Each structure stands twice: as C-alpha cells, then as structure tokens.
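A.B. asks: Provided below: coords_30.txt, containing compact mmCIF, C-alpha atoms and all ligand atoms.
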```
# COMPACT_ATOMS: atom_id res chain seq x y z
CA MET A 1 -3.87 -14.38 0.17
CA LEU A 2 -2.91 -12.65 -3.08
CA SER A 3 -1.83 -14.40 -6.21
CA ILE A 4 -0.83 -12.33 -9.21
CA ASN A 5 -0.33 -14.24 -12.45
CA ASP A 6 1.14 -12.87 -15.65
CA LEU A 7 -0.44 -9.48 -14.97
CA GLN A 8 -0.34 -7.07 -17.89
CA ALA A 9 -1.66 -3.53 -17.79
CA LYS A 10 -1.46 -0.34 -19.72
CA VAL A 11 -1.86 3.33 -18.97
CA GLU A 12 -2.80 5.74 -21.74
CA ASP A 13 -1.99 3.15 -24.43
CA LYS A 14 1.44 2.46 -23.00
CA ASP A 15 2.19 -1.07 -21.79
CA ILE A 16 3.49 -0.78 -18.24
CA LEU A 17 3.03 -4.16 -16.54
CA LYS A 18 4.33 -6.89 -18.80
CA GLY A 19 3.65 -10.24 -17.21
CA LEU A 20 4.08 -9.72 -13.48
CA ASN A 21 3.98 -12.69 -11.12
CA LEU A 22 3.80 -12.48 -7.35
CA ASP A 23 2.44 -14.84 -4.73
CA ILE A 24 1.76 -13.61 -1.23
CA LYS A 25 0.78 -15.86 1.62
CA PRO A 26 -0.99 -14.78 4.82
CA GLY A 27 1.31 -13.03 7.28
CA GLU A 28 4.09 -12.32 4.79
CA VAL A 29 5.76 -8.98 4.18
CA HIS A 30 7.04 -8.45 0.64
CA ALA A 31 9.17 -5.45 -0.27
CA ILE A 32 9.18 -4.24 -3.86
CA MET A 33 12.08 -2.13 -5.03
CA GLY A 34 13.10 -0.99 -8.46
CA PRO A 35 14.11 1.92 -10.65
CA ASN A 36 11.91 4.95 -11.27
CA GLY A 37 9.18 4.33 -13.81
CA ALA A 38 9.40 0.54 -13.43
CA GLY A 39 5.68 0.21 -12.73
CA LYS A 40 5.62 -0.07 -8.92
CA SER A 41 2.88 2.51 -8.40
CA THR A 42 1.04 1.17 -11.44
CA LEU A 43 0.90 -2.23 -9.73
CA GLY A 44 -0.73 -0.68 -6.63
CA ASN A 45 -3.14 1.31 -8.75
CA VAL A 46 -4.13 -1.71 -10.84
CA LEU A 47 -4.68 -3.83 -7.72
CA SER A 48 -6.87 -1.17 -6.13
CA GLY A 49 -8.84 -0.75 -9.37
CA ARG A 50 -7.98 2.86 -10.00
CA GLU A 51 -9.52 4.49 -13.06
CA GLY A 52 -7.26 4.90 -16.09
CA TYR A 53 -5.36 1.64 -15.55
CA GLU A 54 -6.41 -0.98 -18.06
CA VAL A 55 -5.68 -4.65 -17.42
CA THR A 56 -4.82 -6.31 -20.72
CA GLY A 57 -3.91 -9.78 -19.48
CA GLY A 58 -3.32 -12.10 -16.56
CA SER A 59 -5.26 -12.68 -13.35
CA VAL A 60 -5.27 -11.78 -9.67
CA GLN A 61 -6.81 -13.96 -6.97
CA PHE A 62 -7.53 -12.31 -3.63
CA LYS A 63 -8.54 -14.73 -0.87
CA GLY A 64 -9.69 -17.12 -3.57
CA LYS A 65 -11.80 -14.55 -5.43
CA ASP A 66 -11.19 -12.82 -8.75
CA LEU A 67 -9.92 -9.41 -7.65
CA LEU A 68 -10.00 -7.86 -11.11
CA ASP A 69 -13.70 -8.61 -11.35
CA MET A 70 -14.49 -6.45 -8.29
CA GLU A 71 -15.32 -2.74 -8.17
CA PRO A 72 -12.71 -0.66 -6.32
CA GLU A 73 -15.02 -0.20 -3.29
CA GLU A 74 -15.59 -3.94 -3.14
CA ARG A 75 -11.84 -4.58 -3.13
CA ALA A 76 -11.47 -2.23 -0.17
CA ARG A 77 -14.36 -3.87 1.65
CA GLU A 78 -12.86 -7.30 1.05
CA GLY A 79 -9.78 -6.05 2.87
CA LEU A 80 -7.38 -4.54 0.36
CA PHE A 81 -5.78 -1.35 1.61
CA LEU A 82 -3.60 0.96 -0.45
CA ALA A 83 -1.59 3.76 1.13
CA PHE A 84 -0.74 6.19 -1.63
CA GLN A 85 2.53 7.97 -2.20
CA TYR A 86 0.57 11.23 -2.35
CA PRO A 87 -2.57 11.03 -0.18
CA VAL A 88 -5.52 13.11 -1.38
CA GLU A 89 -6.99 16.01 0.57
CA ILE A 90 -10.76 16.16 1.01
CA PRO A 91 -11.53 19.60 2.43
CA GLY A 92 -14.96 19.91 4.02
CA VAL A 93 -15.16 16.28 5.12
CA SER A 94 -13.85 15.77 8.63
CA ASN A 95 -11.27 13.09 9.12
CA LEU A 96 -13.46 11.49 11.81
CA GLU A 97 -16.50 11.31 9.50
CA PHE A 98 -14.36 9.91 6.72
CA LEU A 99 -12.78 7.25 8.92
CA LYS A 100 -16.12 6.24 10.41
CA ALA A 101 -17.72 5.96 6.96
CA SER A 102 -14.88 3.69 5.75
CA VAL A 103 -14.99 1.52 8.86
CA ASP A 104 -18.79 1.23 8.74
CA ALA A 105 -18.65 0.24 5.06
CA VAL A 106 -16.27 -2.60 5.90
CA ARG A 107 -18.43 -3.63 8.86
CA GLU A 108 -21.55 -3.66 6.70
CA HIS A 109 -19.76 -5.88 4.19
CA ARG A 110 -18.98 -8.30 7.03
CA GLY A 111 -22.62 -8.21 8.16
CA GLN A 112 -21.90 -6.07 11.24
CA GLU A 113 -23.83 -3.03 12.52
CA PRO A 114 -22.25 0.43 12.17
CA MET A 115 -20.31 1.51 15.26
CA ASP A 116 -22.02 4.01 17.53
CA SER A 117 -20.40 7.44 17.47
CA VAL A 118 -19.18 7.38 21.05
CA SER A 119 -17.40 4.04 20.73
CA PHE A 120 -15.91 5.06 17.41
CA MET A 121 -14.62 8.34 18.84
CA LYS A 122 -12.98 6.42 21.67
CA LEU A 123 -11.38 3.96 19.26
CA ALA A 124 -10.18 6.72 16.91
CA ARG A 125 -8.61 8.58 19.83
CA GLU A 126 -6.75 5.44 20.88
CA LYS A 127 -5.39 5.02 17.36
CA CYS A 128 -4.35 8.70 17.20
CA LYS A 129 -2.31 8.08 20.30
CA ALA A 130 -0.78 4.96 18.78
CA VAL A 131 0.56 6.91 15.81
CA ASN A 132 1.47 10.00 17.79
CA LEU A 133 -1.10 12.24 16.14
CA ASP A 134 -2.93 14.93 18.10
CA GLN A 135 -6.69 14.31 18.48
CA ASN A 136 -7.37 17.62 16.73
CA PHE A 137 -6.56 15.84 13.49
CA LEU A 138 -9.86 13.98 13.79
CA LYS A 139 -11.79 17.25 13.47
CA ARG A 140 -9.84 18.64 10.55
CA GLY A 141 -10.66 18.09 6.87
CA VAL A 142 -9.20 14.85 5.48
CA ASN A 143 -5.47 15.52 5.01
CA GLU A 144 -6.26 19.24 4.71
CA GLY A 145 -3.05 21.12 5.41
CA PHE A 146 -1.45 18.03 6.94
CA SER A 147 2.33 17.86 6.61
CA GLY A 148 3.85 14.88 4.77
CA GLY A 149 4.57 13.10 8.04
CA GLU A 150 1.08 13.81 9.42
CA LYS A 151 -0.54 12.39 6.27
CA LYS A 152 1.44 9.18 6.66
CA ARG A 153 0.57 8.87 10.35
CA ASN A 154 -3.05 9.47 9.44
CA GLU A 155 -2.88 6.76 6.82
CA ILE A 156 -1.40 4.26 9.25
CA MET A 157 -4.18 5.16 11.68
CA GLN A 158 -6.73 4.48 8.94
CA MET A 159 -5.08 1.12 8.32
CA MET A 160 -5.29 0.27 12.02
CA LEU A 161 -9.00 1.09 12.07
CA LEU A 162 -9.84 -0.84 8.90
CA GLU A 163 -7.93 -4.01 9.84
CA PRO A 164 -7.31 -5.02 6.19
CA SER A 165 -6.03 -8.37 4.95
CA VAL A 166 -3.54 -6.97 2.45
CA CYS A 167 -1.87 -3.59 2.90
CA ILE A 168 0.03 -1.97 0.07
CA LEU A 169 2.30 0.87 1.12
CA ASP A 170 3.60 2.80 -1.86
CA GLU A 171 6.74 4.75 -0.99
CA THR A 172 5.21 5.58 2.30
CA ASP A 173 8.68 6.55 3.51
CA SER A 174 9.35 9.25 0.93
CA GLY A 175 9.86 12.63 2.49
CA LEU A 176 9.63 11.38 6.06
CA ASP A 177 12.05 12.38 8.78
CA ILE A 178 13.48 9.67 11.01
CA ASP A 179 10.86 10.14 13.75
CA ALA A 180 7.94 9.86 11.32
CA LEU A 181 9.61 6.88 9.64
CA GLN A 182 9.86 5.17 13.01
CA VAL A 183 6.16 5.87 13.72
CA VAL A 184 5.11 4.46 10.35
CA ALA A 185 7.32 1.40 10.84
CA ASP A 186 6.08 0.83 14.40
CA GLY A 187 2.50 1.20 13.14
CA VAL A 188 3.07 -1.38 10.42
CA ASN A 189 4.93 -3.74 12.74
CA SER A 190 2.15 -3.55 15.33
CA GLN A 191 -0.29 -4.61 12.58
CA ARG A 192 1.73 -7.57 11.38
CA SER A 193 -0.17 -10.76 12.09
CA PRO A 194 -0.43 -14.31 10.73
CA ASP A 195 -3.52 -13.38 8.72
CA ARG A 196 -2.42 -10.01 7.33
CA SER A 197 0.06 -9.45 4.51
CA PHE A 198 1.97 -6.41 3.35
CA ILE A 199 3.46 -5.16 0.12
CA VAL A 200 5.94 -2.41 0.92
CA VAL A 201 7.13 -0.41 -2.08
CA THR A 202 10.26 1.56 -1.32
CA HIS A 203 13.22 3.16 -3.04
CA TYR A 204 15.41 2.98 -0.01
CA GLN A 205 16.76 0.16 2.03
CA ARG A 206 16.46 2.30 5.17
CA LEU A 207 12.75 1.58 5.72
CA LEU A 208 13.51 -2.13 5.62
CA ASP A 209 15.77 -1.77 8.65
CA TYR A 210 12.57 -1.00 10.54
CA ILE A 211 10.04 -3.09 8.66
CA VAL A 212 11.94 -6.31 8.07
CA PRO A 213 10.51 -8.06 5.00
CA ASP A 214 10.27 -11.80 4.40
CA TYR A 215 10.99 -11.29 0.70
CA VAL A 216 12.46 -8.56 -1.48
CA HIS A 217 11.59 -8.30 -5.17
CA VAL A 218 12.98 -6.14 -7.92
CA LEU A 219 10.40 -4.76 -10.33
CA ALA A 220 11.97 -3.60 -13.57
CA GLY A 221 10.45 -3.10 -16.99
CA GLY A 222 6.99 -4.11 -15.78
CA LYS A 223 7.86 -7.47 -14.19
CA ILE A 224 9.49 -8.99 -11.16
CA VAL A 225 12.98 -9.75 -12.42
CA LYS A 226 14.64 -10.87 -9.21
CA SER A 227 13.52 -12.07 -5.78
CA GLY A 228 15.38 -12.81 -2.61
CA GLY A 229 15.45 -12.35 1.14
CA LYS A 230 16.06 -9.14 3.04
CA GLU A 231 19.75 -9.22 2.14
CA LEU A 232 18.80 -8.42 -1.48
CA ALA A 233 17.77 -4.92 -0.35
CA LEU A 234 21.27 -4.34 1.03
CA GLU A 235 22.81 -5.55 -2.18
CA LEU A 236 20.61 -3.15 -4.20
CA GLU A 237 21.49 -0.26 -1.92
CA GLU A 238 25.14 -0.97 -2.48
CA LYS A 239 25.16 -1.80 -6.18
CA GLY A 240 22.11 -0.01 -7.64
CA TYR A 241 19.93 -1.65 -10.28
CA SER A 242 22.10 -1.80 -13.41
CA TRP A 243 23.67 -5.18 -12.52
CA ILE A 244 20.19 -6.67 -12.53
CA ASP A 245 19.60 -5.47 -16.10
CA GLU A 246 22.82 -7.21 -17.08
CA GLU A 247 21.87 -10.37 -15.22
CA VAL A 248 18.41 -10.43 -16.83
CA ALA A 249 19.90 -9.75 -20.28
P1 LIG B 1 7.26 3.67 -10.41
O1 LIG B 1 6.22 3.78 -9.33
O2 LIG B 1 7.93 2.35 -10.44
O3 LIG B 1 8.25 4.77 -10.37
P2 LIG B 1 5.00 4.12 -12.16
O4 LIG B 1 4.16 2.93 -12.01
O5 LIG B 1 4.58 5.35 -11.44
O6 LIG B 1 6.51 3.77 -11.81
O7 LIG B 1 5.11 4.50 -13.69
C1 LIG B 1 5.43 3.55 -14.69
C2 LIG B 1 5.30 4.19 -16.05
O8 LIG B 1 3.92 4.45 -16.32
C3 LIG B 1 6.01 5.52 -16.18
O9 LIG B 1 6.57 5.59 -17.46
C4 LIG B 1 4.89 6.53 -16.01
O10 LIG B 1 5.17 7.72 -16.68
C5 LIG B 1 3.71 5.81 -16.60
N1 LIG B 1 2.45 6.20 -15.96
C6 LIG B 1 2.01 5.82 -14.74
N2 LIG B 1 0.84 6.38 -14.44
C7 LIG B 1 0.51 7.14 -15.51
C8 LIG B 1 -0.61 7.97 -15.85
N3 LIG B 1 -1.63 8.13 -15.01
N4 LIG B 1 -0.58 8.59 -17.05
C9 LIG B 1 0.44 8.42 -17.92
N5 LIG B 1 1.51 7.65 -17.67
C10 LIG B 1 1.55 7.01 -16.49
MG MG B 2 8.29 6.60 -8.82
MG MG B 3 5.89 5.05 -7.77
```
Write out the structure in this file as structure tokens.
Ligand code: ADP
Ligand code: MG
Ligand code: MG
C.D. replies:
Amino acid sequence: MLSINDLQAKVEDKDILKGLNLDIKPGEVHAIMGPNGAGKSTLGNVLSGREGYEVTGGSVQFKGKDLLDMEPEERAREGLFLAFQYPVEIPGVSNLEFLKASVDAVREHRGQEPMDSVSFMKLAREKCKAVNLDQNFLKRGVNEGFSGGEKKRNEIMQMMLLEPSVCILDETDSGLDIDALQVVADGVNSQRSPDRSFIVVTHYQRLLDYIVPDYVHVLAGGKIVKSGGKELALELEEKGYSWIDEEVA
C-alpha cells in the first residue's frame, strides 16, 4: 500500500527526515510515537505534498505509483488522507459544499459522476450521526468556530465520506476529552478494512487502547529507530524515550 524507502527531507534548510523506512500493507494500522520535534508531523506533511517541505532523497511508492511525483491534489484523489493536528478554518465556504467538492473530486478521478445534492445531503447527514455531530455543522463555515473536539469529529466524518486507502492521523487525540476520543476511535475502527491502512501519530498510549495498532514505531532524530507490536506503546508510556536513545547509541 505504502512503501517509504530511505526518505530524507528538509524544512527551511534544516534536515528533518534522515533516512526513514516504513512499509505498510493493506489493512494494517501503524502507530508512530516519538519525542517532540522528531519529525512525525514532517512525515505527514511530506507524504501529503505540503509546500515548504523539500524531499532531498529516498522514494515513496503508493499503490505501486511514485507518490512524490504527484501533485498534492492527485495524492488526495488517489486515496491519501491526512488529518492535521490543527485543522484549518475556511470561513465563507460551507462545510457541506467543501465536503461535496472533495468527494466529487475523488469520484471524478475514479471516473464516476458527481453525486446529486439530495443524495449527498442524505449521506452527509448519516455520517454526522455516526460521529455524533449535529447536522447544523454542515451549514457552518469549514471548521469556523468549531471546538477542538468538533473539528476532530468533522475530520473523521470527512474521512468516512472520502473512503481513502491510507489515512494519516497526526495527533488527532491531542486536546480531546474522553468522549471525543472515543468518537474518534470508534470512527477510525469503523473504517478499518482489509484494503485501508492507517498511520496513527500519537504522543500518548491512551489512544492506542481504543485504536489497537498492528505495529508501533518510534520516530526519533528523523528515522524509525525501533518497531514492535502494541506492547511497545506500553513500554514507552512507562519508560519514556531516553532508553531508546541509549539503545540506538
Ligand atoms: P514532531 O511532529 O515529531 O513533534 P515536527 O515534524 O513537527 O516534529 O518537527 C520536526 C522539526 O522540524 C522541528 O525541529 C521543527 O521545529 C521543524 N519544523 C517543522 N516544520 C517546520 C516549518 N514549517 N518551519 C520550520 N521548522 C519546521
Ligand atoms: Mg509535536
Ligand atoms: Mg507533530
């Protein structure tokens, strides 16, 4: 599904990713943990093709294609979905319009007609219900005045509508109360399938009690320095990250 080989990238002339390797098969959930400033968000930004992130080496194959060769929009249309730590607000564009435009773009890419407005409205309402978000949120500006928890629910709803192949959730648990965390986790779990993969970036083991990963990786100093099963997250929670530095050294 996604194969990252020796990926190197810099931001503002500073080397951040320094030879990162990660291989993700269909249906797998990979958690990425690691100290602040390790490059976790940079990885998500590089994969989604965000401006300002310069790839200086390595390669990324997405469903057999060269991901790094695609424009950001193309990556999204091919089925890469990134949920940001801090979702952007787009005042003046209704959430419903925005969601429909993104879904129609993906449909067009797959050679399908745009959805008619009535069917889309019905579908969007169903998804609102699934993430416990009032239907009024469809009429409001994108993320405009949404609370942290509402933004995350909205993002999960967007993910449900887009049906991506690879979902990257970057610290999607930060600042959430237990109820919102449960909604996000339920949303993700309901979307797990044999042909969809997830990268879940988190600082805290807690989220992984709800979204149980197949693999846990530690990203430190711009590379994956340790990988294991879900028990590695517990070990990190207990012991912190310094022992890994020692082990790597
Ligand atoms: P993490 O998500 O693991 O906490 P980041 O990927 O956000 O780490 O950041 C890694 C390093 O890259 C940090 O030193 C950070 O300051 C730097 N960095 C990331 N994005 C930018 C940017 N847009 N401009 C300048 N420095 C950046
Ligand atoms: Mg951080
Ligand atoms: Mg980050």
A.B. asks: Identify which of the residues A:Pro87, A:Pro213, A:Pro164, A:Pro72 lies closest to A:Glu150, counting all atoms listed in the file when measuring atom-to-atom distances.
C.D. replies: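 Of the candidates, the smallest distance to A:Glu150 is held by A:Pro87.
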A.B. asks: Looking at A:Leu80, A:Leu43, A:Leu7, A:Val166, which one is nearest to ligand MG 2 (chain B), with distances taken over all atoms listed in the file?
C.D. replies: A:Leu43
A.B. asks: May I ask which of the residues A:Ser190, A:Lys14, A:His30, A:Asp23 is the closest one to A:Val216, counting all atoms listed in the file?
C.D. replies: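 Of the candidates, the smallest distance to A:Val216 is held by A:His30.
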A.B. asks: Ligand LIG 1 (chain B): which residues are within 12 Å, counting all atoms listed in the file? Reply as a PyMOL selection string.
C.D. replies: chain A and resi 9-18+32-47+50-54+84-86+169-172+200-203+218-224
A.B. asks: Between atom CA of A:Lys100 and atom CA of A:Ile156, measure the distance and give it in Å to one decimal.
C.D. replies: 14.9 Å
A.B. asks: Between atom CA of A:Val212 and atom CA of A:Ala83, what distance in Å does the model show, to one decimal?
C.D. replies: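 The value is 18.2 Å.
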A.B. asks: List as JSON, numbers by chain: which residues have an atom within 8 Å of (-2.4, -20.0, -5.5), counting only C-alpha atoms?
C.D. replies: {"A": [2, 3, 23, 61]}
A.B. asks: From the set A:Leu82, A:Met1, A:Ile199, A:Val183, which residue has the shortest atom-to-atom contact distance to A:Leu162, counting all atoms listed in the file?
C.D. replies: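 The closest residue to A:Leu162 is A:Leu82.
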A.B. asks: With distances taken over only C-alpha atoms, which of A:Arg140, A:Arg107, A:Arg125, A:Lys25 is nearest to A:Gly92?
C.D. replies: A:Arg140
A.B. asks: Of the candidates A:Ser102, A:Asn136, A:Ser59, A:Ser174, which shows the shortest atom-to-atom distance to ligand MG 2 (chain B), using only C-alpha atoms and all ligand atoms?
C.D. replies: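 Distance minimum relative to ligand MG 2 (chain B) lands on A:Ser174.
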A.B. asks: Using Å and a single decimal, report how far atom CA of A:Asn95 sits from atom CA of A:Lys122.
C.D. replies: 14.3 Å
A.B. asks: Could you put an axis-aligned box around every listed atom of stretch 173-186 of chain A, padded by 6 Å on each side, and send me its centre and edge lengths in Å to one decimal, as AutoDock Vina command-line options?
C.D. replies:
```
--center_x 9.3 --center_y 6.7 --center_z 7.7 --size_x 20.4 --size_y 23.8 --size_z 25.5
```
A.B. asks: Would you list the contacts of A:Glu73 as a PDB file with C-alpha atoms, in the coordinates of the input, taking every protein, DNA or RNA residue within 9 Å and counting only C-alpha atoms, but skipping same-chain residues closer than 5 positions in sequence?
C.D. replies:
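selection_28.pdb, freshly written:
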```
ATOM      1  CA  SER A  48      -6.870  -1.170  -6.130  1.00  0.00           C
ATOM      2  CA  GLY A  49      -8.840  -0.750  -9.370  1.00  0.00           C
ATOM      3  CA  GLU A  78     -12.860  -7.300   1.050  1.00  0.00           C
TER       4      GLU A  78
END
```
A.B. asks: Please list as a list in words every residue within 8 Å of A:Gly187, counting only C-alpha atoms and excluding residues in the same chain fewer than 4 positions away.
C.D. replies: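 Listing them by chain and then by number gives Ala130, Val131, Ile156, Met157, Met160, Val183 and Gln191 of chain A.
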A.B. asks: Within 12 Å of (6.2, -6.2, 14.7), all atoms listed in the file: residues as a list in words?
C.D. replies: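 The distance filter leaves exactly Gly27, Glu28, Val29, Val184, Ala185, Asp186, Gly187, Val188, Asn189, Ser190, Gln191, Arg192, Ser193, Pro194, Arg196, Tyr210, Ile211, Val212 and Pro213 of chain A.
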